[in-house]
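Here is the structure we will look at, set down as structure tokens.
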2 protein chains.
Amino acid sequence: MPKILTDEDLARFRDRLCDVAERLFAEHGAEAVTIRQMAAELGVSAMTPYRYFKDKDAILAAVRARGFDRHADALEQARNEAGGDAVARANAIGGAYVRFALDHPEAYRLMFDVTQPTAEAYPDFVRAAARSKATMTAHLIDLKAAGLFDGDPDYVGHLYWAALHGPIMLQLTGMLAPPLDAPALIRGLTAALARRHFPEYVSA
Amino acid sequence: MPKILTDEDLARFRDRLCDVAERLFAEHGAEAVTIRQMAAELGVSAMTPYRYFKDKDAILAAVRARGFDRHADALEQARNEAGGDAVARANAIGGAYVRFALDHPEAYRLMFDVTQPTAEAYPDFVRAAARSKATMTAHLIDLKAAGLFDGDPDYVGHLYWAALHGPIMLQLTGMLAPPLDAPALIRGLTAALARRHFPEYVSA
DNA sequence: TGCTATAAAATTACGTTGTAAATTTATGTC
DNA sequence: GACATAAATTTACAACGTAATTTTATAGCA
């Protein structure tokens, strides 16, 4: 009987391939990276990746899913480290969101910028994207449970999400020139949102 | 002496090529369209486009520049049609912005979503992008000249821009699920901005 | 009117890509 | 130690962007 790849073998190779793909995507931009390059970095032939992923599209979906998971990790860690104050936690999450995007711009673009209509067909991608999205409304649910907020957590969560995403995308696509940048616009937008939805926390 | 292409000849062919490219980009997504396809639609050989554009990147830049020009046209037309009320003009411009993006999503993505680091090397692209951007702060300059606003037009203009762009990009990349959509988020964000920057126009 | 120089266009050709098909290699069981 | 067969490699192919080469068509001169 021949060697049969165990689930761990499969998972380990997939992980190593994603590590390489992630690095090459960040270095050269996702669309410029070839399967042959990734295979060469791993010291395998050009066709070996096809034993572990259906095609290049599946590799992209896997790397994007990892991005969403890391994003959710960063947000959850910020929430946990921020202590008991619900408002401080909300601010910490927003700060972690912006830091992730600006520290890992290529990862952020891969997650939120890439056109991949086939992505919904990859269960792991769908799971990771949903998890990442959930972390952005979770703290508003917390606030509501604590009686500090009485709006619609999903709606207001998306307002804040859009208020971060818009400035970040403008900056990442090179549409902002000094003195304007994403943090400056985010301050203006979130301040306006806070006055509307959390007036009691805003100094008059 | 052989036939020599006049400037009009050059401009006409470039225009026809951009028409075809624009349509194919919208139909199949920009990266899926090949030069051979565009040439076939025009009934010329695969190499003929290279007489009129340096390479594929230059064609993309030209199509993007046309998108910015059309965008600026749409915004300026909305401003002209909105009549004399400066506030009505501002709202009309915002509405035209959103309508353009949602009516021509592929054009909007090409303009604001595509990674094309070389774009700054194409003068026509730079001109069109700057014009499009200027139309988004022009009405705030008007408002300030009319004494109806005393903030920084560039900063506040970019706040509104980001408040439109964020929800639009979230929708165009499939991140929004009913009942949330770009217009709903834009209403929430612009309402918050208006309370902050134009309190006298907002009913308490 | 034809002949010619030459710009424009078409054809051919090449290196690279994603990946299908064919082949080789390596390993658990008898 | 030979075999069955999964895994890996090699080979092969169509399609891509585009460089190099060849063909075509035309404005001015004889």
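Here, A, B, ... name the chains of the structure tokens in the order displayed, residue numbers run from 1 inside each chain, and ligands are numbered from 1 in the same displayed order.
Excluding DT1 in chain C itself and same-chain residues fewer than 2 positions from it, the residues having an atom within 12 Å of it are C:DC3, D:DC29, D:DA30, counting only C-alpha atoms (C1' of nucleotides).
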Which residues, written as a PDB file with N, CA and C atoms, in the first residue's frame, have at least one atom at most 7 Å from range 107-123 of chain A, with only C-alpha atoms (C1' of nucleotides) counted and residues fewer than 5 positions away on the same chain left out?
```
ATOM      1  N   ALA A  61      -8.897  31.996  -1.745  1.00  0.00           N
ATOM      2  CA  ALA A  61      -9.974  31.945  -0.747  1.00  0.00           C
ATOM      3  C   ALA A  61      -9.428  31.538   0.616  1.00  0.00           C
ATOM      4  N   ARG A  64      -7.538  34.462   2.116  1.00  0.00           N
ATOM      5  CA  ARG A  64      -8.496  35.474   2.566  1.00  0.00           C
ATOM      6  C   ARG A  64      -9.170  35.031   3.863  1.00  0.00           C
ATOM      7  N   GLY A  67      -6.988  35.699   6.673  1.00  0.00           N
ATOM      8  CA  GLY A  67      -6.997  37.130   6.971  1.00  0.00           C
ATOM      9  C   GLY A  67      -8.174  37.504   7.860  1.00  0.00           C
ATOM     10  N   PHE A  68      -9.359  36.994   7.533  1.00  0.00           N
ATOM     11  CA  PHE A  68     -10.532  37.290   8.360  1.00  0.00           C
ATOM     12  C   PHE A  68     -10.351  36.735   9.766  1.00  0.00           C
ATOM     13  N   ALA A 101      -5.728  47.159   9.695  1.00  0.00           N
ATOM     14  CA  ALA A 101      -5.815  47.528   8.274  1.00  0.00           C
ATOM     15  C   ALA A 101      -4.562  48.252   7.808  1.00  0.00           C
TER      16      ALA A 101
ATOM     17  N   ASP B 113     -11.118  51.132  -6.826  1.00  0.00           N
ATOM     18  CA  ASP B 113     -10.879  49.845  -6.192  1.00  0.00           C
ATOM     19  C   ASP B 113      -9.651  49.166  -6.776  1.00  0.00           C
ATOM     20  N   THR B 173     -18.689  45.012  -2.532  1.00  0.00           N
ATOM     21  CA  THR B 173     -17.897  43.804  -2.284  1.00  0.00           C
ATOM     22  C   THR B 173     -18.717  42.736  -1.573  1.00  0.00           C
TER      23      THR B 173
END
```
Give me, as a tab-separated table, each residue of chain C that comes within 7 Å of chain B, together with its shortest interatomic pair and the distance in Å at one decimal, counting only C-alpha atoms (C1' of nucleotides), with rows ordered by chain and rising residue number.
```
residue	atom	partner	partner_atom	distance
C:DA5	C1'	B:Met1	CA	6.2
C:DT6	C1'	B:Pro2	CA	5.7
C:DA7	C1'	B:Pro2	CA	5.5
C:DA9	C1'	B:Thr48	CA	6.6
C:DA10	C1'	B:Ser45	CA	6.3
```
Any chance you could export the current selection's N, CA and C atoms (P, O5', C5', C4', C3', O3' and C1' of nucleotides) as a JSON list (two decimals), in the first residue's frame?
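Once everything was written out, this is result-v7.json:
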```json
[["chain", "number", "residue", "atom", "x", "y", "z"],
["C", 5, "DA", "P", 12.73, 53.73, -53.02],
["C", 5, "DA", "O5'", 12.52, 54.49, -51.63],
["C", 5, "DA", "C5'", 12.18, 55.87, -51.64],
["C", 5, "DA", "C4'", 11.17, 56.14, -50.54],
["C", 5, "DA", "C3'", 11.53, 55.54, -49.18],
["C", 5, "DA", "O3'", 11.49, 56.58, -48.22],
["C", 5, "DA", "C1'", 9.29, 54.97, -49.79],
["C", 6, "DT", "P", 11.85, 56.35, -46.70],
["C", 6, "DT", "O5'", 10.45, 55.92, -46.09],
["C", 6, "DT", "C5'", 9.39, 56.87, -46.06],
["C", 6, "DT", "C4'", 8.18, 56.22, -45.42],
["C", 6, "DT", "C3'", 8.49, 55.46, -44.12],
["C", 6, "DT", "O3'", 7.45, 55.69, -43.22],
["C", 6, "DT", "C1'", 7.32, 54.08, -45.57],
["C", 7, "DA", "P", 7.78, 56.22, -41.71],
["C", 7, "DA", "O5'", 6.33, 56.33, -41.08],
["C", 7, "DA", "C5'", 5.38, 57.19, -41.69],
["C", 7, "DA", "C4'", 4.00, 56.55, -41.66],
["C", 7, "DA", "C3'", 3.61, 55.99, -40.29],
["C", 7, "DA", "O3'", 2.24, 56.30, -40.08],
["C", 7, "DA", "C1'", 3.56, 54.25, -41.90],
["C", 9, "DA", "P", -3.55, 51.31, -38.59],
["C", 9, "DA", "O5'", -3.34, 49.79, -39.00],
["C", 9, "DA", "C5'", -3.73, 49.37, -40.30],
["C", 9, "DA", "C4'", -3.31, 47.94, -40.50],
["C", 9, "DA", "C3'", -3.77, 46.99, -39.39],
["C", 9, "DA", "O3'", -4.73, 46.10, -39.95],
["C", 9, "DA", "C1'", -1.47, 46.63, -39.99],
["C", 10, "DA", "P", -5.28, 44.83, -39.15],
["C", 10, "DA", "O5'", -4.25, 43.70, -39.57],
["C", 10, "DA", "C5'", -4.00, 43.46, -40.93],
["C", 10, "DA", "C4'", -3.01, 42.32, -41.08],
["C", 10, "DA", "C3'", -3.34, 41.08, -40.24],
["C", 10, "DA", "O3'", -3.31, 39.94, -41.08],
["C", 10, "DA", "C1'", -1.11, 41.80, -39.82]]
```
### Message
At a cut-off of 10 Å, using only C-alpha atoms (C1' of nucleotides), what residues contact His158 in chain B? Leave out same-chain residues fewer than 6 positions from it and give the result as a ChimeraX atom specification.
### Response
/A:167,170,176,180-181,185,188 /B:133,136-137,152,164-165
So that each row is one residue of range 134-168 of chain A with an atom at most 12 Å from range 86-96 of chain A, can you give its shortest atom pair and the distance in Å to one decimal, using only C-alpha atoms, rows by chain and rising number, as JSON lines?
```
{"residue": "A:Thr135", "atom": "CA", "partner": "A:Ile93", "partner_atom": "CA", "distance": 8.8}
{"residue": "A:Met136", "atom": "CA", "partner": "A:Ile93", "partner_atom": "CA", "distance": 7.9}
{"residue": "A:Thr137", "atom": "CA", "partner": "A:Ala90", "partner_atom": "CA", "distance": 9.7}
{"residue": "A:Ala138", "atom": "CA", "partner": "A:Ala90", "partner_atom": "CA", "distance": 9.4}
{"residue": "A:His139", "atom": "CA", "partner": "A:Ala90", "partner_atom": "CA", "distance": 6.0}
{"residue": "A:Leu140", "atom": "CA", "partner": "A:Ala90", "partner_atom": "CA", "distance": 7.6}
{"residue": "A:Ile141", "atom": "CA", "partner": "A:Ala86", "partner_atom": "CA", "distance": 10.3}
{"residue": "A:Asp142", "atom": "CA", "partner": "A:Ala86", "partner_atom": "CA", "distance": 7.2}
{"residue": "A:Leu143", "atom": "CA", "partner": "A:Ala86", "partner_atom": "CA", "distance": 6.1}
{"residue": "A:Lys144", "atom": "CA", "partner": "A:Ala86", "partner_atom": "CA", "distance": 9.8}
{"residue": "A:Ala145", "atom": "CA", "partner": "A:Ala86", "partner_atom": "CA", "distance": 10.2}
{"residue": "A:Ala146", "atom": "CA", "partner": "A:Ala86", "partner_atom": "CA", "distance": 8.0}
{"residue": "A:Gly147", "atom": "CA", "partner": "A:Ala86", "partner_atom": "CA", "distance": 10.3}
{"residue": "A:Leu148", "atom": "CA", "partner": "A:Ala86", "partner_atom": "CA", "distance": 8.3}
{"residue": "A:Phe149", "atom": "CA", "partner": "A:Val87", "partner_atom": "CA", "distance": 10.2}
{"residue": "A:Gly157", "atom": "CA", "partner": "A:Ala90", "partner_atom": "CA", "distance": 10.4}
{"residue": "A:Tyr160", "atom": "CA", "partner": "A:Gly94", "partner_atom": "CA", "distance": 8.4}
{"residue": "A:Trp161", "atom": "CA", "partner": "A:Gly94", "partner_atom": "CA", "distance": 8.6}
{"residue": "A:Ala162", "atom": "CA", "partner": "A:Gly94", "partner_atom": "CA", "distance": 11.5}
{"residue": "A:Ala163", "atom": "CA", "partner": "A:Gly94", "partner_atom": "CA", "distance": 10.1}
{"residue": "A:Leu164", "atom": "CA", "partner": "A:Gly94", "partner_atom": "CA", "distance": 7.8}
{"residue": "A:His165", "atom": "CA", "partner": "A:Gly94", "partner_atom": "CA", "distance": 10.8}
```
